[in-house]
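Engineer: One file is attached below, run.txt, containing compact mmCIF, C-alpha atoms.
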# COMPACT_ATOMS: atom_id res chain seq x y z
CA MET A 9 -18.28 5.42 -6.21
CA GLY A 10 -15.10 3.91 -7.53
CA ASP A 11 -11.52 4.13 -6.39
CA VAL A 12 -9.06 5.88 -8.71
CA ARG A 13 -5.70 4.21 -9.22
CA GLU A 14 -2.98 3.84 -11.82
CA ALA A 15 -3.63 1.24 -14.50
CA ARG A 16 -1.33 -1.77 -14.49
CA ALA A 17 0.59 -3.18 -17.46
CA GLU A 18 -1.54 -6.32 -17.53
CA GLU A 19 -4.70 -4.19 -17.94
CA VAL A 20 -3.89 -2.80 -21.40
CA GLU A 21 -6.64 -4.80 -23.13
CA ARG A 22 -9.25 -3.92 -20.51
CA VAL A 23 -8.45 -0.20 -20.69
CA LEU A 24 -8.27 -0.24 -24.48
CA GLY A 25 -11.83 -1.54 -24.55
CA LEU A 26 -12.98 1.55 -22.63
CA TYR A 27 -12.08 3.78 -25.58
CA GLU A 28 -15.42 2.75 -27.11
CA TRP A 29 -16.98 5.30 -24.73
CA LEU A 30 -15.03 8.05 -26.54
CA PHE A 31 -16.04 6.79 -29.98
CA ALA A 32 -19.78 6.50 -29.26
CA PRO A 33 -21.98 9.32 -30.55
CA ARG A 34 -21.13 12.45 -29.94
CA GLY A 35 -17.65 11.13 -30.53
CA ALA A 36 -16.26 9.30 -33.51
CA LEU A 37 -13.63 6.73 -34.35
CA PRO A 38 -10.50 8.65 -35.38
CA PRO A 39 -9.87 8.23 -39.13
CA ALA A 40 -6.42 6.69 -38.60
CA TRP A 41 -7.41 4.50 -35.60
CA ASP A 42 -5.12 1.49 -35.50
CA PRO A 43 -5.83 -0.93 -32.62
CA GLY A 44 -2.27 -2.31 -32.76
CA HIS A 45 -0.75 1.15 -32.44
CA ALA A 46 -3.28 2.06 -29.74
CA ARG A 47 -2.33 -1.03 -27.74
CA GLU A 48 1.38 -0.16 -27.96
CA ALA A 49 0.82 3.51 -27.12
CA LEU A 50 -1.35 2.63 -24.12
CA ALA A 51 1.24 0.16 -22.81
CA GLU A 52 3.90 2.86 -23.23
CA ALA A 53 1.75 5.43 -21.39
CA ILE A 54 1.28 3.02 -18.49
CA ASP A 55 5.02 2.37 -18.31
CA ASP A 56 6.40 5.89 -18.95
CA GLU A 57 7.15 8.16 -15.97
CA ARG A 58 6.07 11.20 -18.05
CA SER A 59 2.53 9.89 -18.42
CA ILE A 60 -0.14 8.24 -16.34
CA VAL A 61 -3.17 6.12 -17.10
CA LEU A 62 -5.76 6.34 -14.37
CA VAL A 63 -8.76 4.06 -13.91
CA ALA A 64 -11.79 4.32 -11.65
CA GLU A 65 -12.74 0.89 -10.38
CA HIS A 66 -15.55 -0.44 -8.24
CA ARG A 67 -15.76 -4.12 -7.28
CA GLY A 68 -13.51 -5.10 -10.16
CA GLU A 69 -15.43 -3.13 -12.79
CA LEU A 70 -13.67 -0.29 -14.59
CA LEU A 71 -16.02 2.69 -14.58
CA GLY A 72 -13.82 5.35 -16.14
CA PHE A 73 -10.32 6.23 -17.26
CA ALA A 74 -8.07 9.17 -17.97
CA THR A 75 -4.68 9.55 -19.60
CA ALA A 76 -2.35 12.46 -18.85
CA TYR A 77 1.02 13.35 -20.34
CA LEU A 78 3.73 15.78 -19.33
CA GLU A 79 4.20 17.47 -22.63
CA LEU A 80 6.33 20.55 -23.05
CA ASN A 81 8.10 23.17 -21.04
CA SER A 82 6.37 26.29 -22.32
CA VAL A 83 8.35 29.54 -22.38
CA ARG A 84 5.23 31.38 -21.20
CA PHE A 85 3.70 28.94 -18.74
CA GLY A 86 6.20 26.29 -17.68
CA LEU A 87 5.68 22.52 -17.78
CA ARG A 88 2.31 21.59 -19.26
CA CYS A 89 0.36 18.44 -18.54
CA TRP A 90 -2.19 17.38 -21.12
CA VAL A 91 -5.24 15.20 -20.45
CA GLU A 92 -5.60 13.34 -23.71
CA ASP A 93 -8.50 11.04 -22.86
CA LEU A 94 -11.10 11.13 -20.12
CA ALA A 95 -14.24 9.00 -20.24
CA VAL A 96 -16.74 7.48 -17.85
CA SER A 97 -19.09 4.61 -18.53
CA PRO A 98 -22.41 6.00 -19.77
CA GLU A 99 -24.19 4.10 -16.98
CA HIS A 100 -22.03 5.73 -14.30
CA ARG A 101 -21.90 9.37 -15.37
CA SER A 102 -22.86 12.19 -12.99
CA GLN A 103 -21.72 10.16 -9.98
CA GLY A 104 -18.42 11.96 -9.31
CA ILE A 105 -16.21 9.55 -11.25
CA GLY A 106 -15.10 12.09 -13.86
CA LYS A 107 -14.29 14.58 -11.09
CA ALA A 108 -12.27 11.96 -9.21
CA LEU A 109 -10.30 11.12 -12.37
CA LEU A 110 -9.69 14.79 -13.22
CA ASP A 111 -8.64 15.55 -9.63
CA ALA A 112 -6.22 12.60 -9.67
CA ALA A 113 -4.75 13.85 -12.97
CA LYS A 114 -4.34 17.33 -11.46
CA ASP A 115 -2.62 15.89 -8.38
CA TRP A 116 -0.25 13.78 -10.51
CA ALA A 117 0.55 16.76 -12.75
CA ARG A 118 1.25 19.01 -9.76
CA GLU A 119 3.44 16.37 -8.10
CA SER A 120 5.29 15.95 -11.41
CA GLY A 121 6.15 19.65 -11.56
CA ALA A 122 3.55 20.84 -14.06
CA THR A 123 2.24 24.37 -13.76
CA HIS A 124 -1.06 23.69 -15.48
CA LEU A 125 -3.28 20.96 -16.88
CA GLU A 126 -5.00 21.27 -20.24
CA LEU A 127 -7.44 19.27 -22.31
CA ASP A 128 -9.52 19.79 -25.38
CA SER A 129 -13.02 18.61 -26.10
CA GLY A 130 -14.94 18.39 -29.34
CA GLU A 131 -17.59 21.05 -29.83
CA ALA A 132 -20.40 18.47 -29.90
CA ARG A 133 -19.65 17.20 -26.37
CA LYS A 134 -21.98 19.61 -24.56
CA ASP A 135 -22.42 17.37 -21.48
CA ALA A 136 -18.65 17.15 -21.05
CA HIS A 137 -18.37 20.91 -21.38
CA ARG A 138 -20.90 21.44 -18.58
CA PHE A 139 -18.77 19.14 -16.41
CA TYR A 140 -15.55 21.02 -17.26
CA GLU A 141 -17.24 24.35 -16.52
CA ARG A 142 -18.31 23.07 -13.08
CA GLU A 143 -14.63 22.25 -12.45
CA ARG A 144 -13.82 25.95 -12.85
CA PRO A 145 -10.99 26.11 -15.39
CA ALA A 146 -8.57 29.01 -15.05
CA TRP A 147 -9.20 29.90 -18.72
CA LYS A 148 -10.69 28.56 -21.93
CA SER A 149 -9.43 28.76 -25.48
CA SER A 150 -10.12 27.37 -28.92
CA GLN A 151 -7.93 24.74 -30.45
CA TYR A 152 -7.22 24.24 -34.15
CA THR A 153 -5.81 21.02 -35.53
CA TRP A 154 -4.31 20.11 -38.85
CA THR A 155 -4.07 16.46 -39.86
CA LEU A 156 -0.67 15.69 -41.35
Kindly transcribe the structure held in the file into structure tokens.

Structural biologist:
Amino acid sequence: MGDVREARAEEVERVLGLYEWLFAPRGALPPAWDPGHAREALAEAIDDERSIVLVAEHRGELLGFATAYLELNSVRFGLRCWVEDLAVSPEHRSQGIGKALLDAAKDWARESGATHLELDSGEARKDAHRFYERERPAWKSSQYTWTL
């Protein structure tokens, strides 16, 4: 269900509204969330050749989205692609939409020269972790973040 495609510049507001799925419980609104900055950053991600915003759409309804960014050229691993956001409408989960979005991000990363794709997920997101495990990651690690 749902075709995956790149988001278009005129869809910034529609896609921005989908972030509510990330903020709903088990998630949380980031402390420094600024809708104006988010709007600008999303428009930039749609326009920049080093990033992609993907949407899953069915009959005009957006069912899910993912953002991916070519990030750094690691000395150890080569060019890394990072999935920053991936969410599916709560009503449409477990229907293959998340897999289609992740697969499209992997394809874009590979075609862009990346050697691997990474993402992080909050510890409370157990359902998401089961999904990521089913997608057979090459390895797992812990991430630590400091707010500056």

Engineer: I'd like to know which of A:Ser120, A:Thr75, A:Gln103, A:Ser82 is closest to Glu52 (chain A), using only C-alpha atoms.

Structural biologist: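 That would be A:Thr75, the residue with the smallest distance to Glu52 (chain A).
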
Engineer: Might you pull out every residue within 6 Å of Glu65 (chain A), with only C-alpha atoms counted and same-chain residues fewer than 2 positions away left off, and present them as an MDAnalysis selection string?

Structural biologist: chainID A and resid 10:11 69:71

Engineer: Compile the contact shell of Val12 (chain A) as a list in words: residues with an atom at most 7 Å away, counting only C-alpha atoms, same-chain residues fewer than 6 positions apart removed.

Structural biologist: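 Those residues are Leu62, Val63, Ala64, Glu65, Ala108 and Leu109 of chain A.
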
Engineer: Given only C-alpha atoms as the basis, pick out the residue of A:Cys89, A:Glu18, A:Gly35, A:His100 nearest to Thr123 (chain A).

Structural biologist: A:Cys89

Engineer: Could you tell me how far CA of Tyr77 (chain A) sits from CA of Tyr152 (chain A), in Å to one decimal place?

Structural biologist: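 Taking CA of Tyr152 (chain A) as the start and CA of Tyr77 (chain A) as the end point, the length is 19.4 Å.
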